[in-house]
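Engineer: So here's start.cif, just mmCIF, C-alpha atoms and all ligand atoms; chains and numbers go by the auth columns:
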data_coords
loop_
_atom_site.group_PDB
_atom_site.id
_atom_site.type_symbol
_atom_site.label_atom_id
_atom_site.label_comp_id
_atom_site.label_asym_id
_atom_site.label_seq_id
_atom_site.Cartn_x
_atom_site.Cartn_y
_atom_site.Cartn_z
_atom_site.B_iso_or_equiv
_atom_site.auth_seq_id
_atom_site.auth_asym_id
ATOM 1 C CA MET A 1 -1.674 -17.392 -13.489 0.00 55 A
ATOM 2 C CA PRO A 2 -0.244 -15.546 -16.559 0.00 56 A
ATOM 3 C CA SER A 3 1.358 -17.466 -19.426 0.00 57 A
ATOM 4 C CA ALA A 4 4.299 -16.670 -21.719 0.00 58 A
ATOM 5 C CA THR A 5 2.040 -16.258 -24.768 0.00 59 A
ATOM 6 C CA GLU A 6 -0.243 -13.603 -23.203 0.00 60 A
ATOM 7 C CA SER A 7 0.461 -9.976 -24.094 0.00 61 A
ATOM 8 C CA ILE A 8 1.700 -7.449 -21.519 0.00 62 A
ATOM 9 C CA ARG A 9 -1.641 -5.647 -21.890 0.00 63 A
ATOM 10 C CA GLU A 10 -3.670 -8.845 -21.223 0.00 64 A
ATOM 11 C CA ILE A 11 -1.623 -9.701 -18.134 0.00 65 A
ATOM 12 C CA LEU A 12 -2.040 -6.158 -16.749 0.00 66 A
ATOM 13 C CA THR A 13 -5.808 -6.342 -17.192 0.00 67 A
ATOM 14 C CA THR A 14 -6.170 -9.564 -15.193 0.00 68 A
ATOM 15 C CA GLN A 15 -3.413 -9.006 -12.591 0.00 69 A
ATOM 16 C CA PRO A 16 -2.895 -5.424 -11.281 0.00 70 A
ATOM 17 C CA SER A 17 0.212 -6.440 -9.277 0.00 71 A
ATOM 18 C CA ALA A 18 1.923 -7.311 -12.606 0.00 72 A
ATOM 19 C CA ALA A 19 2.617 -3.583 -13.205 0.00 73 A
ATOM 20 C CA GLY A 20 5.100 -3.570 -10.295 0.00 74 A
ATOM 21 C CA ILE A 21 6.891 -6.681 -11.608 0.00 75 A
ATOM 22 C CA PHE A 22 7.137 -5.257 -15.157 0.00 76 A
ATOM 23 C CA HIS A 23 8.527 -2.016 -13.714 0.00 77 A
ATOM 24 C CA ARG A 24 11.189 -3.969 -11.813 0.00 78 A
ATOM 25 C CA PHE A 25 12.274 -5.774 -14.994 0.00 79 A
ATOM 26 C CA ASP A 26 12.169 -2.549 -17.128 0.00 80 A
ATOM 27 C CA ILE A 27 9.377 -3.890 -19.349 0.00 81 A
ATOM 28 C CA ASP A 28 7.758 -0.790 -20.878 0.00 82 A
ATOM 29 C CA LEU A 29 3.982 -0.623 -20.444 0.00 83 A
ATOM 30 C CA CYS A 30 3.529 1.495 -23.566 0.00 84 A
ATOM 31 C CA SER A 31 5.988 0.414 -26.251 0.00 85 A
ATOM 32 C CA GLN A 32 5.840 -3.288 -25.295 0.00 86 A
ATOM 33 C CA ALA A 33 2.119 -3.467 -24.410 0.00 87 A
ATOM 34 C CA ASP A 34 1.101 -5.608 -27.371 0.00 88 A
ATOM 35 C CA LEU A 35 4.050 -8.002 -27.302 0.00 89 A
ATOM 36 C CA SER A 36 3.686 -11.427 -25.750 0.00 90 A
ATOM 37 C CA LEU A 37 5.496 -11.751 -22.433 0.00 91 A
ATOM 38 C CA GLU A 38 7.889 -14.167 -24.119 0.00 92 A
ATOM 39 C CA ARG A 39 8.772 -11.648 -26.874 0.00 93 A
ATOM 40 C CA ALA A 40 9.179 -8.750 -24.398 0.00 94 A
ATOM 41 C CA CYS A 41 11.568 -10.895 -22.341 0.00 95 A
ATOM 42 C CA GLN A 42 13.559 -11.811 -25.478 0.00 96 A
ATOM 43 C CA GLU A 43 13.934 -8.110 -26.383 0.00 97 A
ATOM 44 C CA LEU A 44 15.340 -7.321 -22.941 0.00 98 A
ATOM 45 C CA GLN A 45 17.285 -10.577 -22.627 0.00 99 A
ATOM 46 C CA LEU A 46 15.351 -11.565 -19.534 0.00 100 A
ATOM 47 C CA SER A 47 14.698 -15.070 -18.288 0.00 101 A
ATOM 48 C CA ILE A 48 11.014 -15.779 -18.986 0.00 102 A
ATOM 49 C CA ASP A 49 10.932 -18.359 -16.160 0.00 103 A
ATOM 50 C CA GLN A 50 12.189 -15.793 -13.661 0.00 104 A
ATOM 51 C CA VAL A 51 9.583 -13.205 -14.717 0.00 105 A
ATOM 52 C CA LEU A 52 6.781 -15.812 -14.599 0.00 106 A
ATOM 53 C CA GLU A 53 7.934 -16.898 -11.155 0.00 107 A
ATOM 54 C CA LYS A 54 7.838 -13.299 -9.852 0.00 108 A
ATOM 55 C CA LEU A 55 4.365 -12.792 -11.361 0.00 109 A
ATOM 56 C CA ALA A 56 3.122 -15.960 -9.632 0.00 110 A
ATOM 57 C CA ASP A 57 4.674 -14.839 -6.311 0.00 111 A
ATOM 58 C CA ALA A 58 2.991 -11.419 -6.553 0.00 112 A
ATOM 59 C CA GLU A 59 -0.349 -13.066 -7.266 0.00 113 A
ATOM 60 C CA ALA A 60 0.043 -15.442 -4.307 0.00 114 A
ATOM 61 C CA GLN A 61 1.094 -12.556 -2.038 0.00 115 A
ATOM 62 C CA GLU A 62 -2.023 -10.606 -3.042 0.00 116 A
ATOM 63 C CA ARG A 63 -4.231 -13.501 -2.003 0.00 117 A
ATOM 64 C CA GLY A 64 -2.133 -14.443 1.067 0.00 118 A
ATOM 65 C CA GLY A 65 -2.357 -11.001 2.704 0.00 119 A
ATOM 66 C CA LEU A 66 -6.093 -11.285 3.131 0.00 120 A
ATOM 67 C CA THR A 67 -6.261 -14.668 4.848 0.00 121 A
ATOM 68 C CA VAL A 68 -5.130 -13.592 8.339 0.00 122 A
ATOM 69 C CA ASP A 69 -7.825 -13.346 10.989 0.00 123 A
ATOM 70 C CA PRO A 70 -6.796 -10.323 13.118 0.00 124 A
ATOM 71 C CA ALA A 71 -9.060 -11.402 15.979 0.00 125 A
ATOM 72 C CA ILE A 72 -6.770 -14.320 16.863 0.00 126 A
ATOM 73 C CA LEU A 73 -3.479 -12.390 16.695 0.00 127 A
ATOM 74 C CA SER A 74 -1.685 -10.950 19.726 0.00 128 A
ATOM 75 C CA LEU A 75 -0.905 -7.192 19.632 0.00 129 A
ATOM 76 C CA SER A 76 2.708 -7.813 18.618 0.00 130 A
ATOM 77 C CA ARG A 77 1.750 -10.326 15.890 0.00 131 A
ATOM 78 C CA LEU A 78 -0.840 -7.874 14.578 0.00 132 A
ATOM 79 C CA VAL A 79 1.814 -5.128 14.442 0.00 133 A
ATOM 80 C CA GLN A 80 4.116 -7.531 12.572 0.00 134 A
ATOM 81 C CA HIS A 81 1.365 -8.389 10.090 0.00 135 A
ATOM 82 C CA ILE A 82 0.567 -4.699 9.408 0.00 136 A
ATOM 83 C CA VAL A 83 4.233 -3.870 8.830 0.00 137 A
ATOM 84 C CA ARG A 84 4.975 -6.913 6.649 0.00 138 A
ATOM 85 C CA VAL A 85 1.870 -6.729 4.474 0.00 139 A
ATOM 86 C CA HIS A 86 0.527 -3.163 4.444 0.00 140 A
ATOM 87 C CA HIS A 87 3.594 -1.001 5.139 0.00 141 A
ATOM 88 C CA GLN A 88 5.539 -3.048 2.615 0.00 142 A
ATOM 89 C CA ARG A 89 2.777 -2.297 0.111 0.00 143 A
ATOM 90 C CA VAL A 90 3.049 1.473 0.772 0.00 144 A
ATOM 91 C CA ARG A 91 6.836 1.376 0.284 0.00 145 A
ATOM 92 C CA GLN A 92 6.677 -0.767 -2.836 0.00 146 A
ATOM 93 C CA ASP A 93 3.638 0.593 -4.673 0.00 147 A
ATOM 94 C CA LEU A 94 3.337 4.306 -3.869 0.00 148 A
ATOM 95 C CA PRO A 95 6.712 5.461 -5.304 0.00 149 A
ATOM 96 C CA ARG A 96 6.041 3.419 -8.466 0.00 150 A
ATOM 97 C CA LEU A 97 2.487 4.805 -8.811 0.00 151 A
ATOM 98 C CA ALA A 98 3.687 8.396 -8.227 0.00 152 A
ATOM 99 C CA GLU A 99 6.267 7.936 -10.991 0.00 153 A
ATOM 100 C CA LEU A 100 3.670 6.393 -13.317 0.00 154 A
ATOM 101 C CA ALA A 101 1.161 9.198 -12.577 0.00 155 A
ATOM 102 C CA GLN A 102 3.757 11.869 -13.400 0.00 156 A
ATOM 103 C CA LYS A 103 4.718 10.088 -16.621 0.00 157 A
ATOM 104 C CA LEU A 104 1.055 9.899 -17.640 0.00 158 A
ATOM 105 C CA ALA A 105 0.401 13.566 -16.731 0.00 159 A
ATOM 106 C CA ASP A 106 3.393 14.671 -18.854 0.00 160 A
ATOM 107 C CA LYS A 107 2.079 12.690 -21.810 0.00 161 A
ATOM 108 C CA ARG A 108 -1.703 13.045 -21.613 0.00 162 A
ATOM 109 C CA SER A 109 -2.723 16.119 -19.609 0.00 163 A
ATOM 110 C CA ASP A 110 -3.448 18.032 -22.840 0.00 164 A
ATOM 111 C CA ARG A 111 -6.279 15.562 -23.432 0.00 165 A
ATOM 112 C CA ALA A 112 -7.238 15.047 -19.747 0.00 166 A
ATOM 113 C CA PRO A 113 -6.062 18.073 -17.653 0.00 167 A
ATOM 114 C CA GLU A 114 -7.172 16.390 -14.397 0.00 168 A
ATOM 115 C CA LEU A 115 -4.231 13.954 -14.761 0.00 169 A
ATOM 116 C CA ALA A 116 -1.862 16.707 -13.550 0.00 170 A
ATOM 117 C CA GLN A 117 -3.912 16.954 -10.355 0.00 171 A
ATOM 118 C CA VAL A 118 -3.972 13.142 -10.052 0.00 172 A
ATOM 119 C CA ALA A 119 -0.147 13.128 -10.231 0.00 173 A
ATOM 120 C CA GLU A 120 0.087 15.840 -7.523 0.00 174 A
ATOM 121 C CA LEU A 121 -2.297 13.951 -5.239 0.00 175 A
ATOM 122 C CA VAL A 122 -0.518 10.596 -5.661 0.00 176 A
ATOM 123 C CA GLU A 123 2.795 12.289 -4.836 0.00 177 A
ATOM 124 C CA ARG A 124 1.232 13.937 -1.758 0.00 178 A
ATOM 125 C CA LEU A 125 -0.200 10.586 -0.655 0.00 179 A
ATOM 126 C CA ARG A 126 3.228 8.960 -1.136 0.00 180 A
ATOM 127 C CA ALA A 127 5.012 11.621 0.946 0.00 181 A
ATOM 128 C CA GLU A 128 2.387 11.589 3.726 0.00 182 A
ATOM 129 C CA MET A 129 2.108 7.800 3.936 0.00 183 A
ATOM 130 C CA VAL A 130 5.863 7.147 3.923 0.00 184 A
ATOM 131 C CA ALA A 131 6.321 9.636 6.810 0.00 185 A
ATOM 132 C CA HIS A 132 3.279 8.173 8.588 0.00 186 A
ATOM 133 C CA ILE A 133 4.447 4.540 8.532 0.00 187 A
ATOM 134 C CA GLN A 134 7.904 5.625 9.696 0.00 188 A
ATOM 135 C CA LYS A 135 6.359 7.241 12.783 0.00 189 A
ATOM 136 C CA GLU A 136 4.336 4.100 13.460 0.00 190 A
ATOM 137 C CA GLU A 137 7.332 1.820 13.071 0.00 191 A
ATOM 138 C CA GLN A 138 9.777 3.961 15.046 0.00 192 A
ATOM 139 C CA VAL A 139 7.601 5.234 17.913 0.00 193 A
ATOM 140 C CA LEU A 140 4.142 3.762 18.337 0.00 194 A
ATOM 141 C CA PHE A 141 4.474 0.138 17.203 0.00 195 A
ATOM 142 C CA PRO A 142 7.569 -0.741 19.283 0.00 196 A
ATOM 143 C CA PHE A 143 5.738 0.709 22.296 0.00 197 A
ATOM 144 C CA ILE A 144 2.613 -1.401 21.596 0.00 198 A
ATOM 145 C CA ALA A 145 4.656 -4.575 20.989 0.00 199 A
ATOM 146 C CA ASP A 146 6.612 -3.930 24.189 0.00 200 A
ATOM 147 C CA MET A 147 3.450 -3.350 26.195 0.00 201 A
ATOM 148 C CA ASP A 148 2.152 -6.687 24.936 0.00 202 A
ATOM 149 C CA GLN A 149 5.074 -8.499 26.596 0.00 203 A
ATOM 150 C CA LYS A 150 5.277 -6.408 29.799 0.00 204 A
ATOM 151 C CA SER A 151 4.571 -7.777 33.241 0.00 205 A
ATOM 152 C CA ILE A 152 2.950 -5.632 35.949 0.00 206 A
ATOM 153 C CA VAL A 153 6.274 -4.683 37.556 0.00 207 A
ATOM 154 C CA ALA A 154 7.830 -3.480 34.313 0.00 208 A
ATOM 155 C CA TYR A 155 5.007 -1.084 33.452 0.00 209 A
ATOM 156 C CA PRO A 156 4.980 1.881 32.854 0.00 210 A
ATOM 157 C CA PRO A 157 8.257 1.981 30.894 0.00 211 A
ATOM 158 C CA ALA A 158 11.066 4.075 32.406 0.00 212 A
ATOM 159 C CA ASP A 159 11.168 6.695 29.677 0.00 213 A
ATOM 160 C CA PRO A 160 8.030 6.896 27.538 0.00 214 A
ATOM 161 C CA CYS A 161 8.001 9.845 25.138 0.00 215 A
ATOM 162 C CA PHE A 162 4.269 10.388 25.775 0.00 216 A
ATOM 163 C CA ARG A 163 2.046 10.243 28.880 0.00 217 A
ATOM 164 C CA SER A 164 -0.555 7.945 27.383 0.00 218 A
ATOM 165 C CA ILE A 165 -0.650 5.853 24.240 0.00 219 A
ATOM 166 C CA ALA A 166 -3.923 7.625 23.373 0.00 220 A
ATOM 167 C CA HIS A 167 -1.947 10.722 22.285 0.00 221 A
ATOM 168 C CA PRO A 168 0.157 9.219 19.472 0.00 222 A
ATOM 169 C CA ILE A 169 -2.861 7.110 18.466 0.00 223 A
ATOM 170 C CA LEU A 170 -4.966 10.248 18.042 0.00 224 A
ATOM 171 C CA MET A 171 -2.224 11.751 15.873 0.00 225 A
ATOM 172 C CA MET A 172 -2.078 8.601 13.697 0.00 226 A
ATOM 173 C CA GLU A 173 -5.883 8.629 13.309 0.00 227 A
ATOM 174 C CA GLN A 174 -5.750 12.258 12.136 0.00 228 A
ATOM 175 C CA GLU A 175 -3.141 11.283 9.557 0.00 229 A
ATOM 176 C CA HIS A 176 -5.389 8.412 8.393 0.00 230 A
ATOM 177 C CA GLU A 177 -8.150 10.978 7.842 0.00 231 A
ATOM 178 C CA SER A 178 -5.833 13.135 5.764 0.00 232 A
ATOM 179 C CA ALA A 179 -4.876 10.128 3.564 0.00 233 A
ATOM 180 C CA ASP A 180 -8.559 9.269 3.280 0.00 234 A
ATOM 181 C CA HIS A 181 -9.332 12.786 1.949 0.00 235 A
ATOM 182 C CA ILE A 182 -6.621 12.462 -0.702 0.00 236 A
ATOM 183 C CA VAL A 183 -7.938 9.047 -1.774 0.00 237 A
ATOM 184 C CA ALA A 184 -11.536 10.365 -1.922 0.00 238 A
ATOM 185 C CA GLU A 185 -10.354 13.177 -4.216 0.00 239 A
ATOM 186 C CA LEU A 186 -8.541 10.646 -6.428 0.00 240 A
ATOM 187 C CA VAL A 187 -11.711 8.512 -6.630 0.00 241 A
ATOM 188 C CA ARG A 188 -13.687 11.597 -7.706 0.00 242 A
ATOM 189 C CA LEU A 189 -11.145 12.780 -10.310 0.00 243 A
ATOM 190 C CA THR A 190 -10.709 9.316 -11.866 0.00 244 A
ATOM 191 C CA HIS A 191 -14.424 8.371 -11.784 0.00 245 A
ATOM 192 C CA HIS A 192 -13.696 5.462 -9.438 0.00 246 A
ATOM 193 C CA PHE A 193 -10.462 4.569 -11.248 0.00 247 A
ATOM 194 C CA GLU A 194 -12.303 3.849 -14.501 0.00 248 A
ATOM 195 C CA PRO A 195 -9.952 4.541 -17.442 0.00 249 A
ATOM 196 C CA PRO A 196 -11.474 6.247 -20.525 0.00 250 A
ATOM 197 C CA SER A 197 -11.923 4.297 -23.773 0.00 251 A
ATOM 198 C CA TRP A 198 -8.800 5.971 -25.276 0.00 252 A
ATOM 199 C CA ALA A 199 -6.562 5.037 -22.314 0.00 253 A
ATOM 200 C CA CYS A 200 -3.064 3.710 -23.076 0.00 254 A
ATOM 201 C CA PRO A 201 -1.563 0.796 -21.049 0.00 255 A
ATOM 202 C CA THR A 202 0.209 3.244 -18.677 0.00 256 A
ATOM 203 C CA HIS A 203 -3.158 4.858 -17.934 0.00 257 A
ATOM 204 C CA ILE A 204 -4.793 1.444 -17.363 0.00 258 A
ATOM 205 C CA ALA A 205 -1.902 0.286 -15.154 0.00 259 A
ATOM 206 C CA LEU A 206 -2.041 3.490 -13.061 0.00 260 A
ATOM 207 C CA PHE A 207 -5.786 3.315 -12.470 0.00 261 A
ATOM 208 C CA SER A 208 -5.798 -0.414 -11.661 0.00 262 A
ATOM 209 C CA GLY A 209 -2.776 0.104 -9.361 0.00 263 A
ATOM 210 C CA LEU A 210 -4.593 2.967 -7.581 0.00 264 A
ATOM 211 C CA ARG A 211 -7.756 0.897 -7.218 0.00 265 A
ATOM 212 C CA ASP A 212 -5.712 -1.892 -5.680 0.00 266 A
ATOM 213 C CA LEU A 213 -3.872 0.500 -3.377 0.00 267 A
ATOM 214 C CA GLU A 214 -7.151 2.080 -2.236 0.00 268 A
ATOM 215 C CA ALA A 215 -8.503 -1.366 -1.208 0.00 269 A
ATOM 216 C CA ASP A 216 -5.262 -2.196 0.608 0.00 270 A
ATOM 217 C CA LEU A 217 -5.221 1.176 2.383 0.00 271 A
ATOM 218 C CA ARG A 218 -8.815 0.674 3.521 0.00 272 A
ATOM 219 C CA GLN A 219 -7.889 -2.701 5.084 0.00 273 A
ATOM 220 C CA HIS A 220 -4.683 -1.208 6.574 0.00 274 A
ATOM 221 C CA VAL A 221 -6.524 1.676 8.276 0.00 275 A
ATOM 222 C CA HIS A 222 -9.344 -0.641 9.416 0.00 276 A
ATOM 223 C CA LEU A 223 -6.827 -2.963 11.159 0.00 277 A
ATOM 224 C CA GLU A 224 -5.241 0.000 12.967 0.00 278 A
ATOM 225 C CA ASN A 225 -8.265 2.216 13.780 0.00 279 A
ATOM 226 C CA ASP A 226 -10.769 -0.526 14.618 0.00 280 A
ATOM 227 C CA ILE A 227 -8.628 -3.352 16.013 0.00 281 A
ATOM 228 C CA LEU A 228 -5.025 -2.495 16.961 0.00 282 A
ATOM 229 C CA PHE A 229 -5.547 0.963 18.508 0.00 283 A
ATOM 230 C CA PRO A 230 -8.616 0.170 20.692 0.00 284 A
ATOM 231 C CA ARG A 231 -6.925 -3.036 21.909 0.00 285 A
ATOM 232 C CA ALA A 232 -3.689 -1.148 22.710 0.00 286 A
ATOM 233 C CA ILE A 233 -5.615 1.510 24.690 0.00 287 A
ATOM 234 C CA GLN A 234 -7.428 -1.233 26.587 0.00 288 A
ATOM 235 C CA ARG A 235 -4.157 -3.057 27.323 0.00 289 A
ATOM 236 C CA GLU A 236 -2.629 0.170 28.656 0.00 290 A
ATOM 237 C CA SER A 237 -5.541 0.800 30.995 0.00 291 A
ATOM 238 C CA GLU A 238 -5.376 -2.821 32.261 0.00 292 A
ATOM 239 C CA LEU A 239 -1.654 -2.428 33.004 0.00 293 A
ATOM 240 C CA ASN A 240 -2.225 0.943 34.709 0.00 294 A
ATOM 241 C CA ALA A 241 -5.065 -0.474 36.831 0.00 295 A
ATOM 242 C CA ARG A 242 -2.792 -3.246 38.149 0.00 296 A
ATOM 243 C CA ASN A 243 -0.057 -0.801 39.239 0.00 297 A
HETATM 244 FE FE FE B . 0.185 1.617 9.363 0.00 1 B
HETATM 245 FE FE FE B . -1.471 4.117 10.200 0.00 2 B
#
Will you turn the file into structure tokens for me?
Ligand SMILES: [Fe+2]
Ligand SMILES: [Fe+2]
Structural biologist:
Amino acid sequence: MPSATESIREILTTQPSAAGIFHRFDIDLCSQADLSLERACQELQLSIDQVLEKLADAEAQERGGLTVDPAILSLSRLVQHIVRVHHQRVRQDLPRLAELAQKLADKRSDRAPELAQVAELVERLRAEMVAHIQKEEQVLFPFIADMDQKSIVAYPPADPCFRSIAHPILMMEQEHESADHIVAELVRLTHHFEPPSWACPTHIALFSGLRDLEADLRQHVHLENDILFPRAIQRESELNARN
């Protein structure tokens, strides 16, 4: 857990989720990088206890998201878990990372021209993923959660907007592939998110944030492609067989 005497730079190095908390409190990753957390809070007239509490929460949330065993969850609980942990992460982190990537590209692309491309790709990933999770939450996930509760007599639903759940699932899997291509290109351009020796704190925060996001996205897509979707297709065929 970070302490008040550690510098902003030291905290960022050990806790990638700190970048999001600093952003929320307007702590500048460049001009305040070498100040202790206590000093940075004094400059902005922030309560140090409140910032430390948010940092501890973010750290706990990072660890907490990984402890669920998807095998023991029902379809609707699994949907809830994906939305609460992984969709929340997309909504919280991708706009912040896109903003950070653009800021870095504006400042450093004379020295590292690939940063302009990194900024474009992060923005594309943000736009695609935000639209993608909206489709899941508005169309596919309510249908899956509903199917989980349905009895034989209530299935199929009166007005489904698709003939089989396999169709929207196929579309979601294609969108996962597109996100995967963008991430693979980011990994290549950033040499596996390894910042160069001359990197400033914004650069370090962006790369560690992207590395973190990549790991979260991998888990997110794994839960959907390998667990939720096959189980939903199986549930649909069981319900159809009983009708
Ligand atoms: Fe999702
Ligand atoms: Fe998805």
Engineer: One decimal, in Å: what's the spacing between CA of Thr59 (chain A) and CA of Glu92 (chain A)?
Structural biologist: 6.2 Å
Engineer: Got a sec to check which residues sit within 12 Å of (-11.2, 9.4, -6.3), counting all atoms listed in the file, and write them as an mmCIF file with C-alpha atoms, in the coordinates of the input?
Structural biologist:
data_model
loop_
_atom_site.group_PDB
_atom_site.id
_atom_site.type_symbol
_atom_site.label_atom_id
_atom_site.label_comp_id
_atom_site.auth_asym_id
_atom_site.auth_seq_id
_atom_site.Cartn_x
_atom_site.Cartn_y
_atom_site.Cartn_z
ATOM 1 C CA GLU A 168 -7.172 16.390 -14.397
ATOM 2 C CA LEU A 169 -4.231 13.954 -14.761
ATOM 3 C CA GLN A 171 -3.912 16.954 -10.355
ATOM 4 C CA VAL A 172 -3.972 13.142 -10.052
ATOM 5 C CA LEU A 175 -2.297 13.951 -5.239
ATOM 6 C CA VAL A 176 -0.518 10.596 -5.661
ATOM 7 C CA ALA A 233 -4.876 10.128 3.564
ATOM 8 C CA ASP A 234 -8.559 9.269 3.280
ATOM 9 C CA HIS A 235 -9.332 12.786 1.949
ATOM 10 C CA ILE A 236 -6.621 12.462 -0.702
ATOM 11 C CA VAL A 237 -7.938 9.047 -1.774
ATOM 12 C CA ALA A 238 -11.536 10.365 -1.922
ATOM 13 C CA GLU A 239 -10.354 13.177 -4.216
ATOM 14 C CA LEU A 240 -8.541 10.646 -6.428
ATOM 15 C CA VAL A 241 -11.711 8.512 -6.630
ATOM 16 C CA ARG A 242 -13.687 11.597 -7.706
ATOM 17 C CA LEU A 243 -11.145 12.780 -10.310
ATOM 18 C CA THR A 244 -10.709 9.316 -11.866
ATOM 19 C CA HIS A 245 -14.424 8.371 -11.784
ATOM 20 C CA HIS A 246 -13.696 5.462 -9.438
ATOM 21 C CA PHE A 247 -10.462 4.569 -11.248
ATOM 22 C CA GLU A 248 -12.303 3.849 -14.501
ATOM 23 C CA PHE A 261 -5.786 3.315 -12.470
ATOM 24 C CA LEU A 264 -4.593 2.967 -7.581
ATOM 25 C CA ARG A 265 -7.756 0.897 -7.218
ATOM 26 C CA LEU A 267 -3.872 0.500 -3.377
ATOM 27 C CA GLU A 268 -7.151 2.080 -2.236
#
Engineer: Quick one: distance from CA of Leu148 (chain A) to CA of His221 (chain A) in Å, one decimal?
Structural biologist: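 Straight-line distance from CA of Leu148 (chain A) to CA of His221 (chain A) works out to 27.4 Å.
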Engineer: Using only C-alpha atoms and all ligand atoms, determine which residues fall within 9 Å of ligand FE 1 (chain B), then list them as an NGL selection string.
Structural biologist: :A and (133 or 136-137 or 140-141 or 183 or 186-188 or 190-191 or 226 or 230 or 271 or 274-275 or 277-278)
Engineer: Which residues would end up in the selection if the PyMOL selection byres (((chain A and resi 158) around 12) and not hetatm) were applied here, given that I need the answer as a PDB file with C-alpha atoms, keeping the file's coordinate frame?
Structural biologist:
ATOM      1  CA  LEU A  83       3.982  -0.623 -20.444  1.00  0.00           C
ATOM      2  CA  CYS A  84       3.529   1.495 -23.566  1.00  0.00           C
ATOM      3  CA  LEU A 151       2.487   4.805  -8.811  1.00  0.00           C
ATOM      4  CA  ALA A 152       3.687   8.396  -8.227  1.00  0.00           C
ATOM      5  CA  GLU A 153       6.267   7.936 -10.991  1.00  0.00           C
ATOM      6  CA  LEU A 154       3.670   6.393 -13.317  1.00  0.00           C
ATOM      7  CA  ALA A 155       1.161   9.198 -12.577  1.00  0.00           C
ATOM      8  CA  GLN A 156       3.757  11.869 -13.400  1.00  0.00           C
ATOM      9  CA  LYS A 157       4.718  10.088 -16.621  1.00  0.00           C
ATOM     10  CA  ALA A 159       0.401  13.566 -16.731  1.00  0.00           C
ATOM     11  CA  ASP A 160       3.393  14.671 -18.854  1.00  0.00           C
ATOM     12  CA  LYS A 161       2.079  12.690 -21.810  1.00  0.00           C
ATOM     13  CA  ARG A 162      -1.703  13.045 -21.613  1.00  0.00           C
ATOM     14  CA  SER A 163      -2.723  16.119 -19.609  1.00  0.00           C
ATOM     15  CA  ASP A 164      -3.448  18.032 -22.840  1.00  0.00           C
ATOM     16  CA  ARG A 165      -6.279  15.562 -23.432  1.00  0.00           C
ATOM     17  CA  ALA A 166      -7.238  15.047 -19.747  1.00  0.00           C
ATOM     18  CA  PRO A 167      -6.062  18.073 -17.653  1.00  0.00           C
ATOM     19  CA  GLU A 168      -7.172  16.390 -14.397  1.00  0.00           C
ATOM     20  CA  LEU A 169      -4.231  13.954 -14.761  1.00  0.00           C
ATOM     21  CA  ALA A 170      -1.862  16.707 -13.550  1.00  0.00           C
ATOM     22  CA  GLN A 171      -3.912  16.954 -10.355  1.00  0.00           C
ATOM     23  CA  VAL A 172      -3.972  13.142 -10.052  1.00  0.00           C
ATOM     24  CA  ALA A 173      -0.147  13.128 -10.231  1.00  0.00           C
ATOM     25  CA  GLU A 174       0.087  15.840  -7.523  1.00  0.00           C
ATOM     26  CA  ALA A 253      -6.562   5.037 -22.314  1.00  0.00           C
ATOM     27  CA  CYS A 254      -3.064   3.710 -23.076  1.00  0.00           C
ATOM     28  CA  PRO A 255      -1.563   0.796 -21.049  1.00  0.00           C
ATOM     29  CA  THR A 256       0.209   3.244 -18.677  1.00  0.00           C
ATOM     30  CA  HIS A 257      -3.158   4.858 -17.934  1.00  0.00           C
ATOM     31  CA  ILE A 258      -4.793   1.444 -17.363  1.00  0.00           C
ATOM     32  CA  ALA A 259      -1.902   0.286 -15.154  1.00  0.00           C
ATOM     33  CA  LEU A 260      -2.041   3.490 -13.061  1.00  0.00           C
ATOM     34  CA  PHE A 261      -5.786   3.315 -12.470  1.00  0.00           C
TER      35      PHE A 261
END
Engineer: Can you list, as number ranges by chain, every protein, DNA or RNA residue that comes within 12 Å of Ile223 (chain A) when you count all atoms listed in the file, leaving out same-chain residues fewer than 3 positions away?
Structural biologist: A: 186, 189-190, 193-195, 197-198, 216-220, 226-230, 278-280, 282-287
Engineer: Point out the residue among A:Ala114, A:Leu98, A:Ala295, A:Leu224 with the least atom-to-atom distance to ligand FE 2 (chain B), counting only C-alpha atoms and all ligand atoms.
Structural biologist: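 When distances to ligand FE 2 (chain B) are compared using only C-alpha atoms and all ligand atoms, the smallest one comes from A:Leu224.
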Engineer: List the neighbours of region 61-74 of chain A out to 7 Å using only C-alpha atoms; skip same-chain residues closer than 2 positions along the sequence, and give me the result as a PyMOL selection string.
Structural biologist: chain A and resi 56+59+76-78+86-91+109+112-113+255+259+262-263
Engineer: Restricting the calculation to all atoms listed in the file: of A:Cys95, A:Val144, A:Ala199, A:Leu293, which residue gets closest to ligand FE 2 (chain B)?
Structural biologist: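 Using all atoms listed in the file, the shortest distance to ligand FE 2 (chain B) belongs to A:Val144.
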Engineer: So how many Å separate CA of Asp82 (chain A) and CA of Ile102 (chain A), to one decimal?
Structural biologist: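 Spanning CA of Asp82 (chain A) to CA of Ile102 (chain A) is a straight-line distance of 15.5 Å.
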Engineer: Since I can't run it myself right now, could you work out what the PyMOL selection byres (((chain A and resi 202) around 10) and not hetatm) selects here and report it as a list in words?
Structural biologist: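 Written out, the selection comes to Ser128, Leu129, Ser130, Arg131, Pro196, Phe197, Ile198, Ala199, Asp200, Met201, Gln203, Lys204, Ser205, Ala286, Arg289, Glu290 and Leu293 of chain A.
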Engineer: Go through A:Val139, A:Ala125, A:Ala110, A:Val105 one by one, measure the shortest atom-to-atom distance of each to Ile281 (chain A) using all atoms listed in the file, and give the residue with the smallest value.
Structural biologist: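 Counting all atoms listed in the file, the residue closest to Ile281 (chain A) is A:Ala125.
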Engineer: Looking at all atoms listed in the file, which of A:Glu182, A:Asp270, A:Asp123, A:Glu107 is the one that sits closest to Ile75 (chain A)?
Structural biologist: A:Glu107
